[in-house]
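Structure data (TSV, C-alpha atoms) from model_38.tsv:
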```tsv
chain	number	residue	atom	x	y	z
A	1	MET	CA	-88.91	48.49	71.07
A	2	ALA	CA	-86.35	50.34	73.18
A	3	HIS	CA	-87.69	51.47	76.52
A	4	GLU	CA	-86.93	54.83	78.08
A	5	ILE	CA	-86.44	53.75	81.69
A	6	PRO	CA	-87.51	56.39	84.22
A	7	THR	CA	-84.93	57.43	86.82
A	8	VAL	CA	-85.02	58.71	90.38
A	9	GLU	CA	-82.50	61.27	91.59
A	10	LEU	CA	-80.26	60.13	94.44
A	11	GLY	CA	-78.25	63.34	94.55
A	12	PRO	CA	-76.95	66.07	92.25
A	13	GLY	CA	-76.32	64.40	88.89
A	14	VAL	CA	-76.87	60.85	90.22
A	15	GLN	CA	-79.84	59.28	88.42
A	16	LEU	CA	-80.87	55.75	89.38
A	17	PRO	CA	-82.83	53.86	86.67
A	18	THR	CA	-85.99	52.43	88.29
A	19	ILE	CA	-85.49	49.08	86.53
A	20	GLY	CA	-82.17	47.35	87.02
A	21	PHE	CA	-80.64	43.98	86.25
A	22	GLY	CA	-80.11	41.79	89.33
A	23	THR	CA	-77.18	39.34	89.30
A	24	TRP	CA	-77.50	37.37	92.54
A	25	GLN	CA	-76.60	33.67	92.02
A	26	ILE	CA	-75.42	34.33	88.45
A	27	THR	CA	-71.71	33.50	88.27
A	28	GLY	CA	-68.92	32.61	85.86
A	29	SER	CA	-69.59	32.69	82.12
A	30	SER	CA	-73.33	32.98	82.83
A	31	ALA	CA	-72.72	36.30	84.63
A	32	TYR	CA	-70.76	37.56	81.64
A	33	GLU	CA	-73.30	36.42	79.03
A	34	SER	CA	-76.32	37.60	81.02
A	35	THR	CA	-74.85	41.05	81.65
A	36	ARG	CA	-73.93	41.40	77.97
A	37	THR	CA	-77.50	40.45	77.03
A	38	ALA	CA	-79.01	42.80	79.63
A	39	LEU	CA	-76.99	45.73	78.30
A	40	ASP	CA	-77.90	44.70	74.76
A	41	VAL	CA	-81.66	44.73	75.41
A	42	GLY	CA	-81.48	48.12	77.13
A	43	TYR	CA	-80.70	47.77	80.84
A	44	ARG	CA	-78.54	50.61	82.17
A	45	HIS	CA	-78.49	49.68	85.86
A	46	ILE	CA	-76.56	46.60	87.03
A	47	ASP	CA	-76.80	45.38	90.63
A	48	THR	CA	-74.00	43.23	92.05
A	49	ALA	CA	-72.20	42.66	95.37
A	50	THR	CA	-68.87	41.48	96.72
A	51	MET	CA	-70.70	38.38	98.02
A	52	TYR	CA	-71.99	37.47	94.53
A	53	GLY	CA	-68.48	36.71	93.26
A	54	ASN	CA	-69.28	38.01	89.76
A	55	GLU	CA	-67.87	41.55	89.66
A	56	GLU	CA	-65.03	40.58	87.31
A	57	GLU	CA	-67.39	39.01	84.74
A	58	ILE	CA	-69.74	41.99	84.95
A	59	GLY	CA	-66.84	44.39	84.42
A	60	ARG	CA	-65.70	42.44	81.38
A	61	ALA	CA	-69.23	42.38	79.97
A	62	LEU	CA	-69.48	46.15	80.40
A	63	ARG	CA	-66.18	46.73	78.60
A	64	ASP	CA	-67.07	44.35	75.76
A	65	SER	CA	-70.61	45.73	75.36
A	66	GLY	CA	-69.55	48.97	73.71
A	67	VAL	CA	-71.90	50.83	76.06
A	68	ASP	CA	-70.20	53.87	77.55
A	69	ARG	CA	-69.42	53.59	81.28
A	70	SER	CA	-71.17	56.93	81.87
A	71	GLU	CA	-74.44	55.41	80.69
A	72	VAL	CA	-74.47	52.50	83.15
A	73	PHE	CA	-75.41	52.75	86.83
A	74	ILE	CA	-73.41	50.19	88.85
A	75	THR	CA	-74.28	49.11	92.39
A	76	THR	CA	-72.14	46.85	94.56
A	77	LYS	CA	-72.29	45.96	98.25
A	78	LEU	CA	-70.05	45.44	101.27
A	79	PRO	CA	-70.49	42.13	103.15
A	80	PRO	CA	-71.03	42.80	106.89
A	81	SER	CA	-68.02	40.55	107.60
A	82	GLN	CA	-65.86	43.22	105.93
A	83	SER	CA	-66.81	45.95	108.42
A	84	GLY	CA	-63.54	47.64	109.32
A	85	LEU	CA	-62.11	46.77	105.88
A	86	GLU	CA	-64.31	49.12	103.88
A	87	ARG	CA	-61.58	50.83	101.87
A	88	GLN	CA	-59.90	47.56	100.86
A	89	THR	CA	-63.27	46.07	99.94
A	90	ILE	CA	-64.39	48.86	97.64
A	91	GLU	CA	-60.96	49.08	96.04
A	92	ALA	CA	-61.15	45.33	95.31
A	93	SER	CA	-64.64	45.81	93.83
A	94	LEU	CA	-63.47	48.64	91.59
A	95	LYS	CA	-60.48	46.59	90.43
A	96	ALA	CA	-62.70	43.57	89.66
A	97	LEU	CA	-65.27	45.71	87.85
A	98	GLY	CA	-62.55	47.61	86.00
A	99	VAL	CA	-64.04	51.00	86.86
A	100	ASP	CA	-62.83	54.10	88.69
A	101	PHE	CA	-65.97	54.39	90.84
A	102	VAL	CA	-69.35	52.76	91.40
A	103	ASP	CA	-72.57	54.75	91.34
A	104	LEU	CA	-73.97	53.24	94.53
A	105	TRP	CA	-72.33	51.30	97.34
A	106	LEU	CA	-74.53	49.54	99.90
A	107	ILE	CA	-73.92	47.92	103.28
A	108	HIS	CA	-75.27	44.49	102.29
A	109	TRP	CA	-76.62	43.49	105.73
A	110	PRO	CA	-76.49	45.38	109.02
A	111	PRO	CA	-73.14	44.65	110.70
A	112	PRO	CA	-72.98	44.04	114.47
A	113	ARG	CA	-74.53	47.05	116.19
A	114	ALA	CA	-71.23	48.43	117.53
A	115	LYS	CA	-69.86	48.52	113.98
A	116	SER	CA	-72.93	50.04	112.36
A	117	VAL	CA	-72.02	53.72	112.65
A	118	PRO	CA	-68.24	53.29	112.05
A	119	THR	CA	-69.05	51.36	108.86
A	120	TRP	CA	-71.33	54.17	107.71
A	121	VAL	CA	-68.64	56.77	108.47
A	122	ALA	CA	-66.21	54.74	106.32
A	123	PHE	CA	-68.84	54.77	103.55
A	124	GLN	CA	-68.96	58.56	103.76
A	125	ALA	CA	-65.18	58.65	103.44
A	126	ALA	CA	-65.32	56.41	100.33
A	127	ARG	CA	-67.89	58.73	98.77
A	128	ASP	CA	-65.85	61.81	99.64
A	129	ALA	CA	-62.81	60.13	98.03
A	130	GLY	CA	-64.76	59.62	94.80
A	131	LEU	CA	-64.81	55.81	94.98
A	132	THR	CA	-68.63	55.80	94.93
A	133	ARG	CA	-71.07	58.49	93.87
A	134	SER	CA	-73.68	57.61	96.48
A	135	ILE	CA	-74.07	55.39	99.54
A	136	GLY	CA	-76.90	53.37	101.01
A	137	VAL	CA	-77.89	50.25	102.90
A	138	SER	CA	-79.63	46.93	102.36
A	139	ASN	CA	-81.89	44.91	104.67
A	140	TYR	CA	-82.17	47.75	107.22
A	141	ASP	CA	-85.24	48.55	109.29
A	142	THR	CA	-86.35	52.10	110.06
A	143	ALA	CA	-84.71	52.15	113.52
A	144	LEU	CA	-81.29	51.21	112.11
A	145	ILE	CA	-81.55	53.92	109.46
A	146	ASP	CA	-82.60	56.46	112.08
A	147	GLN	CA	-79.52	55.56	114.11
A	148	LEU	CA	-77.24	56.33	111.15
A	149	ILE	CA	-79.02	59.63	110.46
A	150	LYS	CA	-78.94	60.65	114.14
A	151	GLU	CA	-75.25	59.81	114.59
A	152	THR	CA	-73.91	61.16	111.30
A	153	GLY	CA	-76.56	63.44	109.77
A	154	ASP	CA	-76.13	61.48	106.53
A	155	VAL	CA	-79.21	59.74	105.11
A	156	PRO	CA	-78.72	56.48	103.16
A	157	VAL	CA	-80.06	57.30	99.68
A	158	VAL	CA	-81.23	53.72	99.09
A	159	ASN	CA	-82.46	50.82	101.22
A	160	GLN	CA	-82.56	47.55	99.26
A	161	VAL	CA	-84.94	45.05	100.86
A	162	ALA	CA	-86.83	41.87	99.99
A	163	TRP	CA	-90.24	42.94	98.70
A	164	SER	CA	-93.27	41.12	97.38
A	165	PRO	CA	-97.07	41.38	97.72
A	166	ALA	CA	-96.90	39.06	100.76
A	167	GLN	CA	-94.31	41.34	102.39
A	168	HIS	CA	-96.06	44.61	101.51
A	169	ASP	CA	-95.78	47.06	104.40
A	170	GLY	CA	-97.27	50.48	103.69
A	171	ARG	CA	-96.01	51.87	106.98
A	172	PHE	CA	-92.39	50.97	106.15
A	173	LEU	CA	-92.71	52.59	102.70
A	174	ALA	CA	-94.11	55.74	104.30
A	175	ASP	CA	-91.22	55.77	106.81
A	176	MET	CA	-88.69	55.53	103.99
A	177	ARG	CA	-90.46	58.22	101.96
A	178	ASP	CA	-90.50	60.54	105.00
A	179	ARG	CA	-86.73	60.13	105.27
A	180	ARG	CA	-86.18	60.48	101.52
A	181	VAL	CA	-84.76	56.97	101.26
A	182	VAL	CA	-85.40	55.22	97.92
A	183	VAL	CA	-86.59	51.63	98.36
A	184	GLU	CA	-85.27	48.93	96.03
A	185	GLY	CA	-87.07	45.58	96.10
A	186	TYR	CA	-85.45	42.20	95.48
A	187	SER	CA	-86.72	38.59	95.34
A	188	SER	CA	-90.23	39.82	94.55
A	189	LEU	CA	-91.05	36.85	92.31
A	190	LYS	CA	-89.35	34.25	94.49
A	191	ASN	CA	-91.60	35.26	97.40
A	192	THR	CA	-94.87	35.44	95.43
A	193	PRO	CA	-97.41	32.66	94.79
A	194	LEU	CA	-97.47	33.23	91.01
A	195	GLU	CA	-100.53	31.01	90.54
A	196	ASP	CA	-102.72	33.11	92.90
A	197	PRO	CA	-106.06	33.49	91.04
A	198	ARG	CA	-106.24	37.23	91.81
A	199	LEU	CA	-102.85	37.82	90.20
A	200	VAL	CA	-103.73	35.54	87.29
A	201	ALA	CA	-106.94	37.52	86.66
A	202	ILE	CA	-105.12	40.89	86.72
A	203	ALA	CA	-102.47	39.54	84.33
A	204	ALA	CA	-105.16	38.26	81.95
A	205	ALA	CA	-106.93	41.64	82.00
A	206	HIS	CA	-103.75	43.34	80.74
A	207	ASP	CA	-102.60	40.47	78.51
A	208	VAL	CA	-99.32	40.21	80.44
A	209	THR	CA	-97.69	37.62	82.74
A	210	VAL	CA	-98.07	37.41	86.52
A	211	PRO	CA	-94.37	38.31	87.06
A	212	GLN	CA	-94.93	41.45	84.98
A	213	VAL	CA	-97.91	42.37	87.18
A	214	VAL	CA	-95.83	41.97	90.36
A	215	LEU	CA	-92.97	44.09	88.97
A	216	ARG	CA	-95.36	46.76	87.72
A	217	TRP	CA	-97.08	46.85	91.14
A	218	GLN	CA	-93.72	47.64	92.78
A	219	LEU	CA	-93.05	50.49	90.36
A	220	HIS	CA	-96.47	51.97	91.19
A	221	HIS	CA	-95.29	52.08	94.82
A	222	ASP	CA	-92.08	53.90	93.78
A	223	ILE	CA	-90.01	50.82	94.52
A	224	VAL	CA	-87.02	50.34	92.22
A	225	ILE	CA	-86.97	46.81	90.76
A	226	ILE	CA	-83.94	44.62	89.99
A	227	PRO	CA	-85.34	41.43	88.44
A	228	LYS	CA	-82.87	38.69	87.61
A	229	SER	CA	-82.91	36.44	84.57
A	230	THR	CA	-80.44	34.70	82.31
A	231	ARG	CA	-82.90	34.57	79.38
A	232	ARG	CA	-83.12	37.35	76.81
A	233	GLU	CA	-86.89	37.05	76.32
A	234	ARG	CA	-87.51	37.27	80.08
A	235	MET	CA	-85.19	40.29	80.38
A	236	THR	CA	-87.13	42.03	77.60
A	237	GLU	CA	-90.42	41.07	79.24
A	238	ASN	CA	-89.24	42.59	82.54
A	239	LEU	CA	-88.42	45.88	80.80
A	240	SER	CA	-91.81	45.98	79.10
A	241	VAL	CA	-93.65	46.39	82.42
A	242	LEU	CA	-93.47	50.07	81.51
A	243	ASP	CA	-96.01	49.42	78.73
A	244	PHE	CA	-99.08	49.05	80.95
A	245	SER	CA	-100.51	50.44	84.20
A	246	LEU	CA	-102.53	48.94	87.02
A	247	SER	CA	-105.73	50.52	88.31
A	248	ALA	CA	-106.17	51.72	91.90
A	249	GLU	CA	-108.45	48.71	92.52
A	250	GLU	CA	-105.86	46.29	91.14
A	251	LEU	CA	-103.15	47.83	93.32
A	252	GLU	CA	-105.37	47.44	96.38
A	253	THR	CA	-106.02	43.79	95.52
A	254	ILE	CA	-102.28	43.10	95.25
A	255	ASN	CA	-101.50	45.09	98.43
A	256	ALA	CA	-103.92	42.83	100.29
A	257	LEU	CA	-102.18	39.60	99.24
```
Could you take the file, read its structure, and then write that structure out as structure tokens?
Amino acid sequence: MAHEIPTVELGPGVQLPTIGFGTWQITGSSAYESTRTALDVGYRHIDTATMYGNEEEIGRALRDSGVDRSEVFITTKLPPSQSGLERQTIEASLKALGVDFVDLWLIHWPPPRAKSVPTWVAFQAARDAGLTRSIGVSNYDTALIDQLIKETGDVPVVNQVAWSPAQHDGRFLADMRDRRVVVEGYSSLKNTPLEDPRLVAIAAAHDVTVPQVVLRWQLHHDIVIIPKSTRRERMTENLSVLDFSLSAEELETINAL
């Protein structure tokens, strides 16, 4: 069945689907095939980065998919080594992806402190020039985000961070919510002991898999998920986390892992 994926608003007319397709470590023909499959099974949010070296394949997959560009939310990211070369970097990304703009551009990792604010100012300029519809960060702590807000008055709309039950930090989520920063979680399955008996029991209770439980748990915390897979059945399984809900007790159990 086709899933209607909920979205969160990043700004006027910019809707981020809360389930995206992650492409880290997927390169070459695999990046092309996987992206084609993801679009085919219903994903409308593709997450890539300059560092992933797969923008060209993703762009080709998008063109060949028959899905209209306006229906797909594309994120890419600036490597911190490219601080000072922001304009060239995003123009190279757009050329590789074969698009006129991306929907979200992130600073992939915090650059050296002295370059932090100038990089963010360059991101604002790229947004104002129409090269990206929204701008955000990745792997930032609250203090680094506060510095950007204090110096420029411009709040990153997204902070993409590693997130899993073991890394759950309610205080950090509250900080981000207070600042109206949307949290995206990556590597949630990689960092989770999938054979933990508590997770196994919750999965059995809902007749789903442990990875589905972990992804669903993130959505309950308003964390956008970008699971990665090269297999159609797993991609479909990741989308179907919308088909069940976890109880307050189950969420507490997972929070405590």
Can you tell me, as a PyMOL selection string, what residues are no more than 7 Å from A:Glu56 when counting all atoms listed in the file, ignoring any on the same chain fewer than 3 positions away? chain A and resi 59-60+96-97
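Atom CA of A:Leu194 is positioned 9.4 Å from atom CA of A:Thr209.
One distance worth recording is that between atom CA of A:Thr192 and atom CA of A:Glu33, which is 27.1 Å.
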Point-to-point distance in Å for atom CA of A:Leu78 and atom CA of A:Thr37: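 About the pair atom CA of A:Thr37 and atom CA of A:Leu78: they are 25.8 Å apart.
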Local residues around (-80.0, 41.2, 81.1), at most 9 Å away, using all atoms listed in the file, as a PyMOL selection string: chain A and resi 20-23+33-43+46+228-232+234-236
Please provide the set of residues having any atom within 10 Å of stretch 173-185 of chain A, restricted to all atoms listed in the file, with same-chain residues fewer than 4 positions apart removed, written as a PyMOL selection string. chain A and resi 8-10+16+18-20+136-138+141-142+145-146+149+155-164+168-169+215+218-219+221-227
Exercise: residues within 12 Å of coordinate (-105.7, 46.3, 92.1), counting only C-alpha atoms, as a PyMOL selection string: chain A and resi 165+198-203+205-206+213-214+216-217+220+245-257
Do a neighbour search on A:Leu85 at 10 Å with all atoms listed in the file, toss out local chain neighbours closer than 6 positions, and write the hits as a count of residues only. 4
Name the closest residue to A:Thr7 among the candidates A:Phe73, A:Pro211, A:Tyr140, A:Lys150; distances are taken between atoms, counting all atoms listed in the file. A:Phe73
Kindly indicate which residue among A:Glu151, A:Lys115, A:Asn191, A:Leu144 lies nearest to A:Gln167, using only C-alpha atoms for the distances.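 The answer is A:Asn191, which sits nearest to A:Gln167.
Between A:Pro80 and the candidates A:Gly98, A:Gly170, A:Pro112, A:Gly53, the tightest atom-to-atom separation, counting only C-alpha atoms, involves A:Pro112.
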Where is the centre and how long are the edges: axis-aligned box on stretch 12-24 of chain A, 8 Å on each side, Å to one decimal, as JSON:
```
{"center_x": -81.2, "center_y": 51.7, "center_z": 89.4, "size_x": 25.7, "size_y": 44.7, "size_z": 22.3}
```
